[in-house]
Structure formats: C-alpha cells, structure tokens
>>> print(open('coords-v1.txt').read())   # compact mmCIF, C-alpha atoms and all ligand atoms
# COMPACT_ATOMS: atom_id res chain seq x y z
CA MET A 25 74.03 151.60 169.89
CA ASN A 26 77.34 150.94 171.61
CA THR A 27 78.88 154.14 172.95
CA ASP A 28 80.55 152.48 175.98
CA ILE A 29 84.07 152.96 174.69
CA PHE A 30 83.63 156.75 174.56
CA THR A 31 82.22 156.88 178.09
CA ALA A 32 85.02 154.68 179.41
CA HIS A 33 88.00 156.24 177.69
CA GLU A 34 87.28 159.67 176.22
CA SER A 35 87.73 162.77 178.37
CA ASN A 36 84.73 164.44 179.97
CA VAL A 37 85.50 167.43 177.80
CA ARG A 38 83.44 166.00 174.91
CA ARG A 39 80.33 168.03 174.09
CA TYR A 40 78.71 166.99 170.82
CA GLY A 41 79.08 163.23 171.39
CA PRO A 42 76.76 163.12 174.42
CA SER A 43 74.51 165.67 172.72
CA PHE A 44 73.93 163.30 169.79
CA PRO A 45 74.21 159.86 171.43
CA THR A 46 74.66 157.66 168.39
CA VAL A 47 77.60 156.50 166.29
CA PHE A 48 77.90 158.10 162.85
CA THR A 49 79.39 156.45 159.81
CA LYS A 50 78.54 157.97 156.44
CA ALA A 51 77.59 161.39 155.12
CA LEU A 52 76.58 162.99 151.85
CA GLY A 53 75.39 166.54 151.29
CA ALA A 54 73.16 167.59 154.19
CA THR A 55 72.55 164.03 155.38
CA ILE A 56 74.58 161.91 157.75
CA TRP A 57 73.85 158.32 158.73
CA ASP A 58 74.50 156.42 161.93
CA GLU A 59 75.59 152.79 162.29
CA THR A 60 72.02 151.51 162.12
CA GLY A 61 71.48 153.33 158.83
CA LYS A 62 69.26 156.03 160.33
CA PRO A 63 69.60 159.33 158.41
CA PHE A 64 69.88 162.76 160.04
CA ILE A 65 69.63 166.15 158.37
CA ASP A 66 72.65 168.18 159.46
CA PHE A 67 71.93 171.81 160.44
CA LEU A 68 75.16 172.01 162.47
CA VAL A 69 77.59 171.11 159.65
CA GLY A 70 80.72 170.92 161.77
CA SER A 71 79.84 174.27 163.33
CA GLY A 72 80.06 175.92 159.93
CA ALA A 73 83.04 173.90 158.67
CA LEU A 74 81.01 172.02 156.05
CA ASN A 75 79.22 174.80 154.18
CA TYR A 76 79.41 172.80 150.95
CA GLY A 77 77.90 169.72 152.55
CA HIS A 78 79.51 166.40 153.39
CA ASN A 79 81.56 164.75 150.62
CA ASN A 80 80.53 167.28 147.98
CA PRO A 81 81.34 165.32 144.78
CA THR A 82 82.65 168.39 142.88
CA ILE A 83 85.05 169.14 145.71
CA MET A 84 86.04 165.56 146.57
CA ALA A 85 86.76 164.31 143.02
CA PRO A 86 90.13 166.08 142.69
CA ALA A 87 91.06 165.02 146.24
CA ILE A 88 90.39 161.34 145.53
CA GLU A 89 92.49 161.57 142.38
CA TYR A 90 95.20 163.42 144.31
CA LEU A 91 95.34 160.77 147.06
CA ALA A 92 95.35 157.86 144.63
CA GLY A 93 98.11 159.48 142.57
CA GLY A 94 100.83 159.36 145.24
CA ASN A 95 101.01 163.15 145.45
CA ILE A 96 102.65 165.04 148.31
CA LEU A 97 100.47 165.50 151.41
CA LEU A 98 102.52 167.51 153.93
CA SER A 99 104.94 170.17 152.75
CA LEU A 100 105.50 172.73 155.58
CA ASP A 101 105.54 175.96 153.54
CA MET A 102 107.46 174.57 150.59
CA TYR A 103 106.22 175.25 147.07
CA THR A 104 103.94 172.50 145.74
CA ALA A 105 101.80 172.24 142.64
CA ALA A 106 98.68 171.80 144.79
CA LYS A 107 99.43 175.00 146.70
CA ARG A 108 100.12 176.87 143.45
CA ASP A 109 96.77 175.72 142.06
CA PHE A 110 94.96 176.79 145.23
CA ILE A 111 96.54 180.27 145.30
CA GLU A 112 95.66 180.72 141.63
CA ALA A 113 92.05 179.60 142.18
CA PHE A 114 91.68 181.81 145.25
CA VAL A 115 93.17 184.93 143.64
CA ASP A 116 91.39 184.51 140.28
CA GLY A 117 88.09 183.06 141.56
CA ILE A 118 87.58 184.93 144.84
CA LEU A 119 89.80 188.01 145.30
CA LYS A 120 89.98 189.51 141.80
CA PRO A 121 86.24 189.42 140.98
CA ARG A 122 85.66 191.32 144.24
CA GLY A 123 88.36 193.89 143.55
CA LEU A 124 90.34 192.72 146.60
CA SER A 125 94.10 192.52 146.88
CA TYR A 126 95.77 190.66 149.75
CA LYS A 127 98.93 188.72 150.51
CA ILE A 128 98.13 185.23 151.76
CA GLN A 129 99.70 183.82 154.93
CA PHE A 130 99.34 180.12 155.71
CA PRO A 131 99.43 179.75 159.50
CA GLY A 132 98.76 176.48 161.34
CA PRO A 133 95.62 174.60 160.28
CA THR A 134 93.06 175.90 162.79
CA GLY A 135 91.04 179.08 163.02
CA THR A 136 92.70 180.16 166.22
CA ASN A 137 96.11 179.82 164.51
CA ALA A 138 94.94 182.40 161.97
CA ASN A 139 93.67 184.78 164.66
CA GLU A 140 96.90 184.50 166.65
CA ALA A 141 98.92 185.34 163.54
CA ALA A 142 96.62 188.29 162.74
CA LEU A 143 96.88 189.70 166.27
CA ALA A 144 100.65 189.25 166.34
CA LEU A 145 101.04 190.99 162.98
CA ALA A 146 98.82 193.92 163.99
CA ARG A 147 100.83 194.38 167.22
CA LYS A 148 104.11 194.15 165.32
CA TYR A 149 102.94 196.56 162.61
CA THR A 150 101.67 199.25 165.00
CA GLY A 151 104.08 198.71 167.89
CA ARG A 152 101.05 198.84 170.21
CA SER A 153 100.01 196.08 172.59
CA SER A 154 96.30 196.32 173.25
CA VAL A 155 93.43 195.12 171.05
CA MET A 156 89.79 196.17 171.04
CA ALA A 157 87.37 193.25 171.07
CA PHE A 158 83.62 192.97 171.43
CA THR A 159 81.07 191.69 173.89
CA ASN A 160 80.09 188.07 173.12
CA ALA A 161 83.01 187.64 170.70
CA TYR A 162 84.39 184.16 170.06
CA HIS A 163 87.83 183.85 168.51
CA GLY A 164 89.18 180.43 169.53
CA MET A 165 90.90 178.50 172.28
CA SER A 166 94.56 179.57 172.29
CA LEU A 167 95.66 182.31 174.69
CA GLY A 168 95.57 185.34 172.40
CA SER A 169 92.20 184.27 171.02
CA LEU A 170 90.84 183.45 174.49
CA ALA A 171 91.82 186.91 175.65
CA VAL A 172 89.78 188.64 172.96
CA SER A 173 86.75 186.33 173.41
CA GLY A 174 83.77 187.58 175.41
CA SER A 175 82.54 184.54 177.34
CA ALA A 176 83.69 184.49 180.98
CA SER A 177 84.19 180.71 181.05
CA THR A 178 86.21 180.83 177.82
CA ARG A 179 88.40 183.66 179.08
CA GLU A 180 89.09 181.97 182.40
CA LEU A 181 90.23 178.77 180.70
CA GLY A 182 93.80 179.87 180.06
CA GLY A 183 94.37 180.31 183.76
CA VAL A 184 96.80 183.14 183.14
CA ALA A 185 96.43 186.91 182.85
CA ARG A 186 94.79 188.22 179.72
CA HIS A 187 96.17 191.71 179.45
CA ASP A 188 95.90 194.17 176.64
CA VAL A 189 92.27 193.71 175.69
CA ILE A 190 89.77 196.57 175.68
CA ARG A 191 86.18 195.31 175.71
CA VAL A 192 83.63 197.34 173.78
CA PRO A 193 79.92 196.83 173.06
CA TYR A 194 79.00 195.07 169.80
CA ASP A 195 76.41 196.54 167.44
CA GLY A 196 73.04 196.44 169.23
CA TYR A 197 74.54 195.13 172.51
CA ALA A 198 72.28 195.49 175.56
CA ASN A 199 69.88 197.80 173.75
CA GLN A 200 69.68 199.62 170.48
CA ALA A 201 70.14 202.94 172.27
CA ILE A 202 73.91 202.52 172.64
CA ASP A 203 75.67 203.61 169.48
CA SER A 204 78.80 201.54 170.00
CA ALA A 205 80.60 202.84 166.91
CA SER A 206 80.30 206.44 168.05
CA TYR A 207 81.40 205.40 171.56
CA ILE A 208 84.54 203.80 170.10
CA ASP A 209 85.19 206.84 167.92
CA GLY A 210 84.76 209.02 170.98
CA VAL A 211 87.12 207.19 173.34
CA LEU A 212 89.81 206.83 170.67
CA GLY A 213 89.78 210.57 170.02
CA ASP A 214 89.60 211.66 173.67
CA PRO A 215 92.94 211.99 175.49
CA GLY A 216 90.98 211.83 178.74
CA SER A 217 89.13 208.57 177.98
CA GLY A 218 91.66 206.40 179.84
CA ILE A 219 91.72 203.99 176.92
CA GLU A 220 95.01 203.69 175.09
CA LYS A 221 95.07 203.44 171.32
CA PRO A 222 94.86 199.76 170.35
CA ALA A 223 96.85 197.96 167.67
CA ALA A 224 93.66 196.55 166.19
CA ILE A 225 89.94 196.10 166.39
CA ILE A 226 88.98 192.44 165.89
CA LEU A 227 85.39 191.56 165.03
CA GLU A 228 83.00 188.98 163.62
CA THR A 229 80.33 190.40 161.30
CA ILE A 230 77.93 187.85 162.79
CA GLN A 231 78.77 186.42 166.21
CA ALA A 232 77.83 182.77 165.76
CA GLU A 233 78.95 181.37 169.11
CA GLY A 234 77.89 184.61 170.80
CA GLY A 235 74.25 184.03 169.78
CA MET A 236 74.06 184.95 166.05
CA ASN A 237 74.28 188.66 166.85
CA THR A 238 74.34 190.41 163.50
CA ALA A 239 76.13 193.67 162.81
CA SER A 240 74.47 196.04 160.37
CA ALA A 241 76.25 197.03 157.17
CA ALA A 242 76.17 200.66 158.34
CA TRP A 243 77.91 199.76 161.61
CA LEU A 244 80.62 197.77 159.80
CA THR A 245 81.25 200.67 157.42
CA GLU A 246 81.47 203.04 160.37
CA ILE A 247 83.94 200.79 162.22
CA GLN A 248 86.17 200.72 159.14
CA ARG A 249 86.01 204.52 158.93
CA ILE A 250 86.96 204.80 162.62
CA CYS A 251 89.87 202.37 162.20
CA ARG A 252 91.24 204.38 159.30
CA LYS A 253 90.72 207.70 161.08
CA HIS A 254 92.60 206.55 164.20
CA ASP A 255 95.16 204.44 162.36
CA VAL A 256 93.99 201.16 163.93
CA VAL A 257 94.20 197.81 162.10
CA LEU A 258 90.79 196.28 161.27
CA ILE A 259 90.80 192.48 161.61
CA VAL A 260 87.69 190.59 160.48
CA ASP A 261 87.51 187.09 161.93
CA ASP A 262 85.56 185.53 159.04
CA ILE A 263 86.29 182.01 160.19
CA GLN A 264 82.65 180.97 160.62
CA ALA A 265 80.75 183.70 158.74
CA GLY A 266 83.01 183.57 155.68
CA SER A 267 83.61 180.98 152.97
CA GLY A 268 80.06 181.37 151.64
CA ARG A 269 77.97 181.08 154.80
CA THR A 270 76.11 184.40 154.42
CA GLY A 271 75.48 183.81 150.72
CA ASP A 272 78.47 185.95 149.66
CA PHE A 273 81.97 184.47 149.84
CA PHE A 274 83.05 187.01 152.48
CA SER A 275 80.56 188.04 155.14
CA PHE A 276 81.61 191.70 154.91
CA GLU A 277 80.78 192.11 151.21
CA VAL A 278 77.34 193.42 152.21
CA ALA A 279 79.05 196.46 153.78
CA LYS A 280 81.50 196.93 150.90
CA ILE A 281 84.41 197.24 153.35
CA GLU A 282 87.98 196.09 152.82
CA PRO A 283 89.43 194.98 156.16
CA ASP A 284 93.21 195.25 156.67
CA ILE A 285 93.36 191.60 157.77
CA VAL A 286 90.87 188.77 157.19
CA CYS A 287 91.04 185.34 158.84
CA LEU A 288 89.48 182.34 157.11
CA SER A 289 89.26 178.72 158.20
CA LYS A 290 86.37 176.30 158.93
CA SER A 291 84.74 175.89 155.45
CA LEU A 292 87.74 177.21 153.51
CA SER A 293 88.84 173.73 152.40
CA GLY A 294 85.28 172.94 151.29
CA SER A 295 85.73 169.40 152.59
CA GLY A 296 86.20 169.53 156.35
CA ASN A 297 89.96 169.22 155.96
CA PRO A 298 91.77 171.69 158.23
CA LEU A 299 93.02 174.77 156.40
CA SER A 300 93.44 178.40 157.47
CA ILE A 301 94.66 181.54 155.82
CA VAL A 302 95.34 185.10 156.91
CA LEU A 303 94.73 187.73 154.24
CA ILE A 304 97.02 190.70 154.72
CA ARG A 305 96.83 194.17 153.16
CA PRO A 306 99.94 194.01 150.95
CA ASP A 307 101.84 196.90 152.59
CA MET A 308 101.24 195.36 156.03
CA ASP A 309 103.06 192.15 155.14
CA ILE A 310 106.10 192.98 157.24
CA TRP A 311 106.79 189.43 158.40
CA LYS A 312 110.43 188.35 158.19
CA PRO A 313 111.04 184.93 156.58
CA GLY A 314 110.25 182.17 159.08
CA GLU A 315 109.23 184.64 161.78
CA HIS A 316 105.83 182.98 162.15
CA SER A 317 105.73 179.24 161.74
CA GLY A 318 103.75 176.01 162.18
CA THR A 319 104.17 172.39 161.10
CA PHE A 320 100.82 171.90 159.42
CA ARG A 321 100.86 174.89 157.09
CA GLY A 322 101.05 172.73 154.00
CA ASN A 323 97.97 170.49 153.99
CA ASN A 324 97.97 169.68 150.29
CA LEU A 325 94.83 167.56 150.35
CA ALA A 326 93.04 170.63 151.74
CA PHE A 327 94.60 172.79 148.99
CA THR A 328 93.05 170.55 146.32
CA THR A 329 89.56 170.66 147.83
CA ALA A 330 89.82 174.40 148.59
CA GLY A 331 90.79 175.06 144.98
CA ALA A 332 87.76 173.14 143.74
CA MET A 333 85.55 175.13 146.14
CA CYS A 334 86.92 178.48 144.89
CA LYS A 335 86.19 177.54 141.27
CA MET A 336 82.52 176.95 142.12
CA TRP A 337 82.11 180.68 142.85
CA SER A 338 82.70 181.49 139.19
CA GLU A 339 79.69 179.42 138.14
CA ARG A 340 76.49 181.41 137.84
CA GLN A 341 74.39 178.31 138.45
CA PHE A 342 76.11 177.74 141.81
CA THR A 343 75.82 181.32 143.08
CA ALA A 344 72.20 181.59 141.94
CA GLY A 345 71.43 178.34 143.78
CA VAL A 346 72.97 179.64 147.01
CA GLU A 347 70.99 182.88 146.70
CA ARG A 348 67.74 181.00 146.17
CA THR A 349 68.41 178.61 149.07
CA ALA A 350 69.18 181.53 151.38
CA ALA A 351 65.86 183.17 150.47
CA ASN A 352 64.03 179.86 151.07
CA LEU A 353 65.66 179.42 154.46
CA GLN A 354 64.78 182.98 155.53
CA ARG A 355 61.18 182.42 154.45
CA HIS A 356 61.00 179.14 156.41
CA LEU A 357 62.36 180.82 159.54
CA ASP A 358 59.97 183.79 159.27
CA HIS A 359 57.19 181.25 159.14
CA LEU A 360 58.43 179.46 162.29
CA VAL A 361 58.80 182.77 164.17
CA ALA A 362 55.19 183.68 163.29
CA LYS A 363 53.90 180.20 164.16
CA PHE A 364 55.62 179.71 167.55
CA PRO A 365 55.68 183.11 169.30
CA LYS A 366 55.63 181.38 172.72
CA CYS A 367 58.94 179.59 171.96
CA ILE A 368 60.75 181.92 169.61
CA GLU A 369 61.62 185.53 170.30
CA GLN A 370 63.24 186.44 166.99
CA LYS A 371 65.09 185.30 163.90
CA ARG A 372 68.76 186.27 163.76
CA GLY A 373 71.52 186.27 161.17
CA ARG A 374 71.85 186.82 157.46
CA GLY A 375 71.84 184.62 154.35
CA LEU A 376 72.36 181.01 155.46
CA MET A 377 73.96 182.01 158.76
CA THR A 378 70.86 181.99 160.87
CA GLY A 379 69.56 181.39 164.35
CA LEU A 380 66.33 181.39 166.32
CA LYS A 381 66.51 183.25 169.61
CA CYS A 382 64.23 181.28 171.95
CA ARG A 383 62.55 182.19 175.23
CA SER A 384 64.90 180.04 177.32
CA GLN A 385 67.67 177.47 177.34
CA ALA A 386 65.09 174.87 178.41
CA VAL A 387 63.07 175.45 175.24
CA VAL A 388 66.17 174.97 173.12
CA GLY A 389 67.12 171.84 175.06
CA ARG A 390 63.75 170.19 174.45
CA VAL A 391 63.65 171.20 170.79
CA HIS A 392 67.15 169.78 170.36
CA ASP A 393 66.18 166.42 171.89
CA VAL A 394 62.96 165.98 169.90
CA ALA A 395 64.71 167.08 166.71
CA PHE A 396 67.46 164.52 167.27
CA GLU A 397 64.95 161.70 167.85
CA ASN A 398 63.29 162.63 164.58
CA GLY A 399 66.48 162.88 162.55
CA LEU A 400 67.75 166.48 162.72
CA LEU A 401 71.00 167.75 164.19
CA ILE A 402 70.87 171.27 165.66
CA GLU A 403 72.91 172.99 168.36
CA SER A 404 72.65 176.02 170.60
CA SER A 405 74.75 179.14 171.01
CA GLY A 406 74.77 182.40 172.94
CA PRO A 407 75.87 183.22 176.49
CA ASN A 408 72.65 181.62 177.79
CA ARG A 409 72.53 178.91 175.13
CA ASP A 410 69.04 180.00 174.16
CA VAL A 411 69.70 180.44 170.44
CA ILE A 412 69.16 177.57 167.99
CA LYS A 413 71.87 177.68 165.34
CA VAL A 414 70.40 176.94 161.92
CA LEU A 415 73.34 176.29 159.59
CA PRO A 416 72.32 174.03 156.72
CA PRO A 417 74.88 173.43 153.98
CA ILE A 418 74.68 176.32 151.50
CA THR A 419 74.36 173.61 148.83
CA ILE A 420 71.45 171.82 150.56
CA THR A 421 68.76 170.46 148.20
CA ASP A 422 65.21 171.81 148.46
CA ASP A 423 63.99 168.41 149.64
CA GLU A 424 66.58 168.20 152.42
CA LEU A 425 65.87 171.77 153.53
CA ASP A 426 62.11 171.20 153.58
CA HIS A 427 62.59 167.96 155.49
CA GLY A 428 64.92 169.53 158.08
CA ILE A 429 62.56 172.47 158.61
CA ALA A 430 59.59 170.09 158.95
CA ILE A 431 61.42 168.23 161.75
CA LEU A 432 62.27 171.54 163.44
CA ASP A 433 58.63 172.64 163.12
CA HIS A 434 57.49 169.35 164.68
CA ALA A 435 60.00 169.69 167.56
CA LEU A 436 58.83 173.25 168.27
CA LYS A 437 55.22 172.05 168.29
CA GLU A 438 56.02 169.15 170.65
CA GLN A 439 57.88 171.41 173.07
CA ALA A 440 55.01 173.95 173.01
CA ASN A 441 52.56 171.14 173.83
CA GLY A 442 54.81 170.00 176.68
CA ASP A 443 54.40 173.30 178.54
C1 LIG B 501 85.52 178.31 165.17
C2 LIG B 501 85.94 179.72 165.30
C3 LIG B 501 87.25 180.07 165.67
C4 LIG B 501 88.27 179.05 166.07
O1 LIG B 501 88.59 178.13 165.07
P1 LIG B 501 89.29 176.76 165.49
O2 LIG B 501 89.57 176.07 164.21
O3 LIG B 501 88.33 176.03 166.36
O4 LIG B 501 90.53 177.14 166.23
C5 LIG B 501 87.58 181.41 165.70
N1 LIG B 501 86.68 182.36 165.38
C6 LIG B 501 85.42 182.06 165.02
C7 LIG B 501 84.48 183.17 164.67
C8 LIG B 501 85.00 180.74 164.97
O5 LIG B 501 83.74 180.44 164.66
>>> encode(input="coords-v1.txt", output="structure tokens", more="lines below")
Ligand SMILES: *Cc1c(COP(=O)(O)O)cnc(C)c1O
Amino acid sequence: MNTDIFTAHESNVRRYGPSFPTVFTKALGATIWDETGKPFIDFLVGSGALNYGHNNPTIMAPAIEYLAGGNILLSLDMYTAAKRDFIEAFVDGILKPRGLSYKIQFPGPTGTNANEAALALARKYTGRSSVMAFTNAYHGMSLGSLAVSGSASTRELGGVARHDVIRVPYDGYANQAIDSASYIDGVLGDPGSGIEKPAAIILETIQAEGGMNTASAAWLTEIQRICRKHDVVLIVDDIQAGSGRTGDFFSFEVAKIEPDIVCLSKSLSGSGNPLSIVLIRPDMDIWKPGEHSGTFRGNNLAFTTAGAMCKMWSERQFTAGVERTAANLQRHLDHLVAKFPKCIEQKRGRGLMTGLKCRSQAVVGRVHDVAFENGLLIESSGPNRDVIKVLPPITITDDELDHGIAILDHALKEQANGD
C-alpha cells in the first residue's frame, strides 16, 4: 500500500491517516474498502458524521439527480428551491412532530461555525459576556469553541487568552457525590459566589470526545429549570449526539427539554456533505440582516441529502429499525463488558452513541490495532484516550453489526491474551 505521498507532503497534524495506514476508495453502508479491495466495518463513521452510513441510496438518489441536472450548488444565503425543500422537510418531518418551534440560522458549514454563532447570539441577547461550560466538553476548533472546551491541549491551541468562561462539573464528574446541577443553581443565586451571571450554559447531552460521559435525563431537566430560573440561555451542542445518533432525532428528547438554542452539524446532511444549522427560540432571533455571515452557508447538494434524511424520520419502518438496532448494540456491549472485565471497566452512552471505558490507553491501543488488522475501524476518546468509541451507522444491517462486534470481541480476546 503506497502511503509515501502523505508522509512526504501532508502536515504532521494528520491523525486518522496514520491510525488506519491504508488507502480507502469505496464505501457503502457500514463498510468501506481500501485500494486492495479489503473491506472494513466502520464504527467511527466520520466521528459521527455518517450516521446513515456511507452512500445511503435513499439519501444519495436525489443528490445524484440534482448534480446531473445542472442545479445550483453554492448560493450564499439566497433563496433556492433546494433550500426551500430542506426547510420544509425539516420543519414538517422533524420539528412539528416533536412539538418544537425554532427559527433556523444557516451559519458556515462546520459544527464550530454553529457554536460560534450560538455563543455570539446568546451574548448579544443577554448583554452578558461569560458562558458556563463543562468539564471534558468539546465544542470545536475556533476560538470561541476552544474557550468553552475542557481539554487543556485544545484550549491552549488558540495561543490567546480565553476569557469569559466559567468551568463547572458535568453530571457525574469526578464522583457521583457532587450534584453539579445544585452547585450551579447555588452559585447563580448567591451574590457572594464570585461567579457572575453568564449569558449561556452550553452543553453536550453525551460528551463524545470527552469520553462518552452521559448526562441523565433528570440532570438535563434540572439544568433547563436552572437556566429559566436565572434567565440564562441554554445552548445544546447536538452536533455529534443529534441527527439520530441516540436513536431519537435530537439527543435531548429523552429529557423532554426544549433548549433555547440547538446546534446541529456532522450527520445533518445525511451524506457527509458539510452542513450546519443553529435552531433559535423564535423570540431570541434578534440578528440584524447580514450581521452574521459566511460564504458556505448555501451548500445546496447538502440541502438535498439533508431533506431526504429528514423524510426518513416519518417512516415507521425506519424508526423501528433504528430502535431495534440500538437495542441489539446495547445487548452486544453488555455481553462484551461481562466477558472482558480485565479490559473493560464499563459501557457508556445511550442508543447508538456508545463507548467502552477500558482499563488503560494501552488496552485501547492494542484493541484498535488488532481490530484494524481484522477489518474494523474504531477510535478512542476521553482525556486519557481510554474509551473505545462505538459508533456504527444507525442504519447498519444486522450482519454488519454482528461482524463488527465479532471483530471487536476477537481484538479484546487477543489483547487479554497478550497481557
Ligand atoms: C465535531 C464536534 C464539533 C465541531 O464540529 P466541526 O465540524 O469539526 O467544527 C463541535 N461540537 C461537538 C460536540 C462535536 O462533536
């Protein structure tokens, strides 16, 4: 396999290339193939950006037709038929059935673009400057998002001051004895706490990059209550946990909350095409025309695939399939936890957003390497990189899921024997 050109010319910053040292060509569903024709089951799926699998035929068909038809591709924020169709599909297929009402902002194409817009709007709306963010949070690589992220190396990247962020413990951080919601409620209500009232609280319902830390529904409900009580904007960064990953379209549905602002990206287009939106409580939409901008806000190819994805959520057969696959995955992981107690500490996550907390980074490293050799792509997360992320497509077939889990089982066995 010739990877010389990457070593010679591509920056040292690359991570996943060296981690999976082969050259990929084709992909369908949960399977991707390298140049030699070797198949791999994909449990990384673009870090949650391909929840509907690679080249999902239902999602790609309208895109192929759109491309072949000479239709507009880039449109800034002009009105296009593709954008109209997407908004209609999103409002009718996703928001309305859930009783949700939001204005939709199209920021730049990446997740961090959405978070920056959300933070800017919350600061503008409240006139306050600071934001509360959680331990082990990950919100992206631009300055505002870096500032609210938890990881020391991520935060130091910007090389400039990151003011106006109040760090608070996530649900279950350090030990279950700390009730972080009541701590937050306490400091916000105490004039002697030394903590100024923030513009917003920004959170992930499951911290994927932070190690698949999973907030309880009760905690999420409590945080919403606290935000409303203290007049603080609640921003849910649903960039990785949303768009179907937990089995519901939004990851917060389990808690029946209605955040003031929701950021979506990653799997929103359904196809791996970049697309982000910020959902804004209607009365908070105080943007002036053109006040927030970005060149790539009109990715019409992504609108067509996103629209097709939204329509799938109205089909009972699709939602029932996702539910069943989530239950299968959870059962498989429970089995692995019981079978390999020396390697695995616990299962984490919810629905199809899952992880295996292992005893050490070394365990994860060896499992990763054996899995790759045998045709499975997995990656690690967490501050100590000791959590195996298990993110199969939510549309994965039973055969592909069984096969991927069998390879993971084998890799865990091999690493246990190696000790
Ligand atoms: C990936 C991710 C981001 C950043 O998205 P980009 O498209 O990489 O900018 C932000 N928040 C969460 C929770 C993410 O998983």
>>> closest_residue(input="coords-v1.txt", among="A:Ser177, A:Ser206, A:Thr378, A:Ser289", to="Arg249 of chain A", atoms="all atoms listed in the file")
A:Ser206
>>> atom_distance(input="coords-v1.txt", atom1="atom CA of Trp311 of chain A", atom2="atom CA of Asn139 of chain A")
15.3 Å
>>> residues_near_ligand(input="coords-v1.txt", ligand="ligand LIG 501 (chain B)", cutoff="7 Å", atoms="only C-alpha atoms and all ligand atoms", output="count of residues only")
18
>>> residues_around(input="coords-v1.txt", residues="segment 221-226 of chain A", least_positions_apart="2", cutoff="7 Å", atoms="all atoms listed in the file", output="PyMOL selection string")
chain A and resi 146-147+150+152-157+212+219+256-261
>>> residues_around(input="coords-v1.txt", residues="Gly389 of chain A", least_positions_apart="2", cutoff="10 Å", atoms="only C-alpha atoms", output="list of chain:residue names")
A:Ser43, A:Ser384, A:Gln385, A:Ala386, A:Val387, A:Val391, A:His392, A:Asp393, A:Val394, A:Ala395, A:Glu403, A:Ser404, A:Arg409, A:Asp410, A:Ile412, A:Gln439
>>> closest_residue(input="coords-v1.txt", among="A:Ala332, A:Ile285, A:Ile65, A:Leu303", to="Thr421 of chain A", atoms="only C-alpha atoms")
A:Ile65
>>> atom_distance(input="coords-v1.txt", atom1="atom CA of Leu124 of chain A", atom2="atom CA of Ser293 of chain A")
19.9 Å
>>> axis_aligned_box(input="coords-v1.txt", around="segment 124-136 of chain A", padding_each_side="3 Å", output="AutoDock Vina command-line options")
--center_x 95.0 --center_y 183.7 --center_z 156.4 --size_x 15.4 --size_y 24.1 --size_z 25.6
>>> residues_around(input="coords-v1.txt", residues="Val69 of chain A", least_positions_apart="2", cutoff="10 Å", atoms="all atoms listed in the file", output="PyMOL selection string")
chain A and resi 53-56+65-67+71-78+291+296+401-402+414-417
>>> atom_distance(input="coords-v1.txt", atom1="atom CA of Leu119 of chain A", atom2="atom CA of Ala138 of chain A")
18.3 Å
>>> closest_residue(input="coords-v1.txt", among="A:Arg269, A:Lys148, A:Arg179, A:Lys127", to="Ile418 of chain A", atoms="only C-alpha atoms")
A:Arg269
>>> closest_residue(input="coords-v1.txt", among="A:Ile247, A:Leu145, A:Ile420, A:Leu292", to="Leu376 of chain A", atoms="all atoms listed in the file")
A:Ile420
>>> residues_around(input="coords-v1.txt", residues="Gly41 of chain A", least_positions_apart="6", cutoff="12 Å", atoms="all atoms listed in the file", output="list in words")
Thr27, Asp28, Ile29, Phe30, Thr31, Glu34, Ser35, Val47, Phe48, Leu401 and Glu403 of chain A
>>> residues_around(input="coords-v1.txt", residues="Pro365 of chain A", least_positions_apart="6", cutoff="12 Å", atoms="all atoms listed in the file", output="PyMOL selection string")
chain A and resi 358-359+371+380-383+436-437+440
>>> closest_residue(input="coords-v1.txt", among="A:Ala106, A:Lys363, A:Lys50, A:Glu347", to="Leu91 of chain A", atoms="all atoms listed in the file")
A:Ala106
>>> closest_residue(input="coords-v1.txt", among="A:Gly196, A:Pro86, A:Pro133, A:Gly375", to="Met333 of chain A", atoms="all atoms listed in the file")
A:Pro86
>>> residues_near_point(input="coords-v1.txt", point="(77.8, 196.2, 153.5)", cutoff="9 Å", atoms="all atoms listed in the file", output="PDB file with C-alpha atoms, in the frame of the given file")
ATOM      1  CA  SER A 240      74.470 196.040 160.370  1.00  0.00           C
ATOM      2  CA  ALA A 241      76.250 197.030 157.170  1.00  0.00           C
ATOM      3  CA  ALA A 242      76.170 200.660 158.340  1.00  0.00           C
ATOM      4  CA  TRP A 243      77.910 199.760 161.610  1.00  0.00           C
ATOM      5  CA  LEU A 244      80.620 197.770 159.800  1.00  0.00           C
ATOM      6  CA  THR A 245      81.250 200.670 157.420  1.00  0.00           C
ATOM      7  CA  SER A 275      80.560 188.040 155.140  1.00  0.00           C
ATOM      8  CA  PHE A 276      81.610 191.700 154.910  1.00  0.00           C
ATOM      9  CA  GLU A 277      80.780 192.110 151.210  1.00  0.00           C
ATOM     10  CA  VAL A 278      77.340 193.420 152.210  1.00  0.00           C
ATOM     11  CA  ALA A 279      79.050 196.460 153.780  1.00  0.00           C
ATOM     12  CA  LYS A 280      81.500 196.930 150.900  1.00  0.00           C
ATOM     13  CA  ILE A 281      84.410 197.240 153.350  1.00  0.00           C
TER      14      ILE A 281
END
>>> residues_near_point(input="coords-v1.txt", point="(91.9, 185.9, 179.6)", cutoff="9 Å", atoms="all atoms listed in the file", output="list in words")
Leu167, Gly168, Ser169, Leu170, Ala171, Val172, Ser173, Ala176, Thr178, Arg179, Glu180, Leu181, Gly182, Gly183, Val184, Ala185, Arg186, His187 and Val189 of chain A
